[in-house]
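Presented below is the structure to which this report refers.
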Number of protein chains: 4
Amino acid sequence: MSDVKKVVLAYSGGLDTSVIVKWLQETYNCEVVTFTADIGQGEEVEPARTKAQALGVKEIYIEDLREEFVRDYVYPMFRANTIYEGEYLLGTSIARPLIAKRLIEIANETGADAISHGATGKGNDQVRFELGGYALKPGVKVIAPWREWDLTSREKLMAYCEEHKIPVDFSNKKKKSPYSMDANLLHISYEGGILEDPWAEAEDDMWRWSVSPEAAPDQPTYVELTFEKGDIVAIDGELLKAHEVLEKLNKLGGDNGIGRLDIVENRYVGMKSRGCYETPGGTIMLRAHRAIESLTLDREEAHLKDQLMPKYAEVIYNGYWWSPERRMLQAAIDETQKNVAGVVRMKLYKGSATVVGRKSDESLFDESIATFEDDAGAYNQKDAEGFIKLNALRLRIAAGKGRKQS
Amino acid sequence: MSDVKKVVLAYSGGLDTSVIVKWLQETYNCEVVTFTADIGQGEEVEPARTKAQALGVKEIYIEDLREEFVRDYVYPMFRANTIYEGEYLLGTSIARPLIAKRLIEIANETGADAISHGATGKGNDQVRFELGGYALKPGVKVIAPWREWDLTSREKLMAYCEEHKIPVDFSNKKKKSPYSMDANLLHISYEGGILEDPWAEAEDDMWRWSVSPEAAPDQPTYVELTFEKGDIVAIDGELLKAHEVLEKLNKLGGDNGIGRLDIVENRYVGMKSRGCYETPGGTIMLRAHRAIESLTLDREEAHLKDQLMPKYAEVIYNGYWWSPERRMLQAAIDETQKNVAGVVRMKLYKGSATVVGRKSDESLFDESIATFEDDAGAYNQKDAEGFIKLNALRLRIAAGKGRKQS
Amino acid sequence: MSDVKKVVLAYSGGLDTSVIVKWLQETYNCEVVTFTADIGQGEEVEPARTKAQALGVKEIYIEDLREEFVRDYVYPMFRANTIYEGEYLLGTSIARPLIAKRLIEIANETGADAISHGATGKGNDQVRFELGGYALKPGVKVIAPWREWDLTSREKLMAYCEEHKIPVDFSNKKKKSPYSMDANLLHISYEGGILEDPWAEAEDDMWRWSVSPEAAPDQPTYVELTFEKGDIVAIDGELLKAHEVLEKLNKLGGDNGIGRLDIVENRYVGMKSRGCYETPGGTIMLRAHRAIESLTLDREEAHLKDQLMPKYAEVIYNGYWWSPERRMLQAAIDETQKNVAGVVRMKLYKGSATVVGRKSDESLFDESIATFEDDAGAYNQKDAEGFIKLNALRLRIAAGKGRKQS
Amino acid sequence: MSDVKKVVLAYSGGLDTSVIVKWLQETYNCEVVTFTADIGQGEEVEPARTKAQALGVKEIYIEDLREEFVRDYVYPMFRANTIYEGEYLLGTSIARPLIAKRLIEIANETGADAISHGATGKGNDQVRFELGGYALKPGVKVIAPWREWDLTSREKLMAYCEEHKIPVDFSNKKKKSPYSMDANLLHISYEGGILEDPWAEAEDDMWRWSVSPEAAPDQPTYVELTFEKGDIVAIDGELLKAHEVLEKLNKLGGDNGIGRLDIVENRYVGMKSRGCYETPGGTIMLRAHRAIESLTLDREEAHLKDQLMPKYAEVIYNGYWWSPERRMLQAAIDETQKNVAGVVRMKLYKGSATVVGRKSDESLFDESIATFEDDAGAYNQKDAEGFIKLNALRLRIAAGKGRKQS
């Protein structure tokens, strides 16, 4: 274990990763570089500096990655209307590739030969961190303490802290949550505790970002979202950067009780797990994006996107953002977004985000053809006969030859 | 045009299809058989008898197809979590194959050589009726009056009625709706009128089956749905037939403002159209079905279902229910539903249908493995290292050979 | 029919399209512009000038499009390893988009308002010409004489020629073939005649480009093909333009009896038809392209390509080259070809094109890992245990819960 | 390691698995049950009995599984026209599920708690054996000696034999091949040796089952294959069992130099490897199956099959025969094969298997419609206009709105 000289650790500043700093120093007798990023988790990142210093860390990286996160990861993913297993908006999955990339870049800058993270051996996050790491620096050594150490209970962890003089109030959470949580600008997730019983309803005080639908205002909120090339660039006419868009939509959505989700999902490592997610802004974005696409995408590219989406979602969920297959799918998706522009009007009300209007200079909706009124010859109804006859031909031949059709 | 001897008409009893009866008799000099079905549209079908008799029709078919409709068409479709273009639950599309089948069966019983319907030449329904008809009786003659006649405006239609003494109050709608509507147990649809402008919000008094979310009760309603082989068989423990399930869910959903949808969709004939849909029960069913599947389906079959679903939806939307490709997809889907059984608990509140719990004797959720607590060796975290290493191998080799990963 | 002023006709110089020139002039009382292209069909195109002039045509376009055809249409298609229905290399399909594009461009240059072609109403080519035409010039009028006129037998055609003084030796085929044939640099096709019986073997003297395997040399020919970005750029080290590559491979393949194919295929218009195809160069290219990809493509992008290919083939076969879905698929395909470079060595012998070696600077084949000999730790066999254990987890859980696996 | 009481070993009777018998007895101090199957590898299996007895094995299973292998594994796979990565007919992959199933069944019969095999830690076969084992008996212990022991070179293996008095002439191969080989009724595979250089051509004396195309007869062989429900049931009119069909086709193919393949493939464990395969009968079967399908399958089910095939191939290649996703795909595939019946006529000649005719009572080929001659109104060419117009509508609208189509 002595072959590691320097390791870059994804450091939250919390208790667990503080223990990891110490454990890495002791176990591998190596230097630890900490990397703490603001990706919109809603906690100050600067305090991580003092904590890391107190643990003897000399190279400390603290960064605000919110804009990059939304612009280069969340937005491209939403262009595909990405949903995992019909429900999940991939809030955790999409944050990992950026962290992995920065871990590797910092390893290269600091001459580190290893990276480390605080994810357990049961979850998807270890996979996402490590696949990214290996893809970007094939010779990197990965240290996953939760798979190696014997600090497998909270008691042992506390004993380790005491022994190594790690301040236990390191955790900046006022009251220890009974849930395992993860947050970034796209969502906050909850696992564990009573959620381990899929029949048990989540307690209302678990949710952090949104009011309950019952507690939301009795009047709906209307909002207009402006798209360019598939991305939201303005809210109610105000031009915003990507992360500002998401921040504002999180506020609007959370205030109206929007974006709570309670699911059982299939992890890449082979087990089912139950999770609750709060994705206020993302929930609004997804619906709005589909609405602007409904006006501006060609039918066949839209259908092809829908057929590719589950695969794309799986690729991201499983941790293959930094892969040729993701780039290949992204190329197809981005090709379709050139004309996805216009404005979507949405109504937010007590848990629902509903599309009520959409308009676009790039609209392919042709009222003169679609109308129930006189279309002045824009569409020749007689064409439909030949269209149906030839589409039916293979079915008619088969039936004529005695094939059963039911 | 004299080669048609007898034609079976899909007859609603309304003004338009009454005109068609007369027009067929006159234009083709043929006998007309009327077929009127109760598929849950919420209007009496028996009055169609008197109307048809008044028009000189001798063979009159009036049937209650509600159970068959839900059991053999709606339910199989919902097993696939079918959604067209990300939003539409295919309420109109799924009713057509049954009508087409009965038209042909009645043609065979009555010795008719043709079928007819009241769908226009711009829409999808003509395609669905006719593809079904051709698939089930390849030599059948199809008459689509709206593609043939010159009664292209309401004025001409009224003049025709007057000339042929068709009572104009034939229409049993109290007040003529400005929308083109279609209803069955799964949904009611609205097109035309102000909806032809995709930016215009639907008027609140357009909706027929649901209260607005604002007008829904301030207290949530909880409901438990029991599944067997992918289908709902009981509500709150009460065993129900398929159509009774949907009727009850429509009531529950409608009372809670659930199931309103406003979209622009791509028709098979090549144009975009704007439609509003009310699908209270279906909206609840879809979410519940995904929830019971989340507990009982294997990951890979679930993902494969998701990849096939858009194609399956397209097949149904485009009118190919009676086709080999639909049967092929259905075989795959049904193969997965054998163990989709259990109970889903849902909360209905002001427009939202939210899953709050699910349980099943067939559950593949293994709490002893998934737990954040001590799992007593049920899962060996060290396995994850090899899992990740080999999944990363192709990425590492590529990176090692200098391939860019970003 | 008098609303057409000028029409651009895809003119082969043969009898049928010569009749069409006259028929268009008479029927539509319009000016005819002829367009004749060399796309490698193996016949002189210049004679079409005199013939067109004799028919009174004033604007005559004769062009050598061989390079553009192979470079911009054939090559992009081969990047996807495109095969329709498991067998057909799409030789006819891929030539139509270029013809359609030029017809429209010439219409724009000459101020024509219509285009015309000599394809029948039963085949795919009418669809391909017209979809391309409409996609590139939405208001264009299309005239398809074979769907309109009554010259439905050879006798009537001959009578028309006599009546209109069209020289019947216009046809430059020495001996009238009993087959309907179409040729370009990628292939020559045969339909009709005895081929209409799918059980009848094609006569050996039907084939034009290749010797029979029996008549091919008794010694194999070896050839080395150099790829860059997925395209062949050199043969046996000699740099060649795209069409020169295909010309040379056609010669090599044809001399060795390679590329004959006899199939029943499904046309877009709904019927099955039997066709024979000779694709000597294309058959070699396809195998070689797969071989160079086998060395240079990542596994997952390769598999994804294979999954998309049937759809891509269908899009081209059905005539949708000029469509958003084709561009979307092309974007995905081209994204994968950046590193598809290297040399493939093939053995050509009596009907077979066999890969016997491949090498590449971009190779992802890692002999140090793949070796059966000592790999010096490049691969840790123990990783496989965890890999298998976690991949098996979902199966083990299901089996443990009593699910039947067979 | 003492927790294993009895282990069932897939025993070939060769040197390596004989060493494994001894090593298991010594290392795990457990009883070994041997299982040797004839799946058409072309070697006597009965001698394995004496060898196992000499090693002290008491429970010895020797079975002829040829019919079951072809009928229940090879045939279902060929119904899908299964090819991995465009070339490989999955000859090794498809034999493993049956072996895994029998290992588990024998474990259940003999009360064994473990299974073992002789596959290395680098290949796919370990995965296939073990996934099958875990899927069928979730609590089974798997012992993979090649991943555990230190007998990592031939020298060490020989030393072990000497030490443990294992007769080295155990190997019944006359001359030790420089290749790693695997054979069954579907194919024989070669890896290693000079093949580790993908540029090196395979030596002609490597191949065992087929003559070279050069050495094949100068006269073609014609053969007629009769299909029922997608499976070959007779050759030249003679009814045969599944394995007899494959044996006969192997002979016919091998005699005519058919079925040699040389590829680089992507293994599931993440590396590329080069392999040569001889699949004489399978190569003929695949082409013949496509030919009978071309006559009897509907277009859309055929295309859907083609789209699903790469996934199905991947599932089998990766070892997931015993999985819900394989059963789901098989259900779809088998649904299409009900009417896949008839006769295919093939020409075998110096390396090529060419279809020259096909006929079927279930044929969907309609000569009266497809004919170039007068079709007596079976097909109305004017229908094509409406068909094209509506298929073009979306493209025309887009072009009319200024969308670029190129």
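In the structure tokens, the first chain shown is A, the next is B, and so on; residue numbers restart at 1 for each chain, and ligands run from 1 in the order shown.
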
Subject >> Non-local contacts of Ser180 (chain C) (6 Å; only C-alpha atoms; under 5 positions in same chain excluded) as a PyMOL selection string >> reply: chain C and resi 190-192

Original post:
Taking only C-alpha atoms into account, which residues of chain D are within 6 Å of chain B, as a count of residues only?
Top reply: 12

Original post:
By how many Å are CA of Thr152 (chain A) and CA of Glu31 (chain A) apart?
Top reply: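 According to the coordinates, CA of Thr152 (chain A) and CA of Glu31 (chain A) are separated by 24.0 Å.
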
Subject >> Those in region 115-335 of chain C with strand (DSSP E or B) from DSSP, as a VMD selection string >> reply: chain C and resid 115 to 116 141 to 143 180 to 183 188 to 191 221 to 228 231 to 235 238 to 239 260 to 266 272 to 278

**OP:** Tell me which protein, DNA and RNA residues are within 12 Å of region 55-60 of chain B, counting only C-alpha atoms, leaving out same-chain ones fewer than 4 positions away, and put them as number ranges by chain.
**Re:** B: 6-13, 15, 17-26, 30-37, 45-51, 103, 106-107, 109-112, 161, 164-167, 170

Find the residues around Gly132 (chain C) up to 10 Å (only C-alpha atoms counted), leave out those fewer than 3 positions away in its own chain, and share them as a PDB file with C-alpha atoms, in the first residue's frame.
```
ATOM      1  CA  ARG C  96     -31.446   8.628 -55.982  1.00  0.00           C
ATOM      2  CA  PRO C  97     -30.803  11.438 -53.483  1.00  0.00           C
ATOM      3  CA  LEU C  98     -28.058  12.890 -55.677  1.00  0.00           C
ATOM      4  CA  ILE C  99     -30.270  12.789 -58.770  1.00  0.00           C
ATOM      5  CA  ALA C 100     -33.109  14.402 -56.826  1.00  0.00           C
ATOM      6  CA  LYS C 101     -30.802  17.130 -55.587  1.00  0.00           C
ATOM      7  CA  LEU C 103     -33.045  17.930 -60.529  1.00  0.00           C
ATOM      8  CA  ILE C 104     -34.057  20.554 -58.004  1.00  0.00           C
ATOM      9  CA  GLN C 126     -40.505   7.140 -57.459  1.00  0.00           C
ATOM     10  CA  VAL C 127     -40.620   7.603 -53.694  1.00  0.00           C
ATOM     11  CA  ARG C 128     -36.933   8.388 -53.454  1.00  0.00           C
ATOM     12  CA  PHE C 129     -36.980  10.916 -56.302  1.00  0.00           C
ATOM     13  CA  ALA C 135     -37.730  18.097 -49.247  1.00  0.00           C
ATOM     14  CA  LEU C 136     -35.486  20.384 -51.271  1.00  0.00           C
ATOM     15  CA  LYS C 137     -38.151  22.465 -53.018  1.00  0.00           C
ATOM     16  CA  PRO C 138     -41.443  22.114 -51.197  1.00  0.00           C
ATOM     17  CA  GLY C 319     -36.015   7.486 -49.739  1.00  0.00           C
ATOM     18  CA  TYR C 320     -35.429   9.725 -46.725  1.00  0.00           C
ATOM     19  CA  TRP C 321     -31.827  10.710 -47.379  1.00  0.00           C
ATOM     20  CA  TRP C 322     -32.859  14.358 -47.310  1.00  0.00           C
ATOM     21  CA  SER C 323     -34.444  14.212 -43.894  1.00  0.00           C
TER      22      SER C 323
ATOM     23  CA  ALA D 392     -43.421  14.090 -47.829  1.00  0.00           C
ATOM     24  CA  LEU D 395     -40.481  17.517 -45.130  1.00  0.00           C
ATOM     25  CA  ARG D 396     -42.340  20.007 -47.295  1.00  0.00           C
ATOM     26  CA  GLN D 405     -32.445  19.947 -45.723  1.00  0.00           C
TER      27      GLN D 405
END
```

Original post:
With only C-alpha atoms as the atoms that count, which of A:Asp255, A:Glu238, A:Glu314, A:Asp197 lies nearest to Asp218 (chain A)?
Top reply: A:Asp255

Subject >> DSSP-assigned helix (DSSP H, G or I) among region 2-198 of chain B, expressed as a PyMOL selection string >> reply: chain B and resi 15-28+47-54+66-78+93-110+125-136+145-148+154-164+168-170+193-196
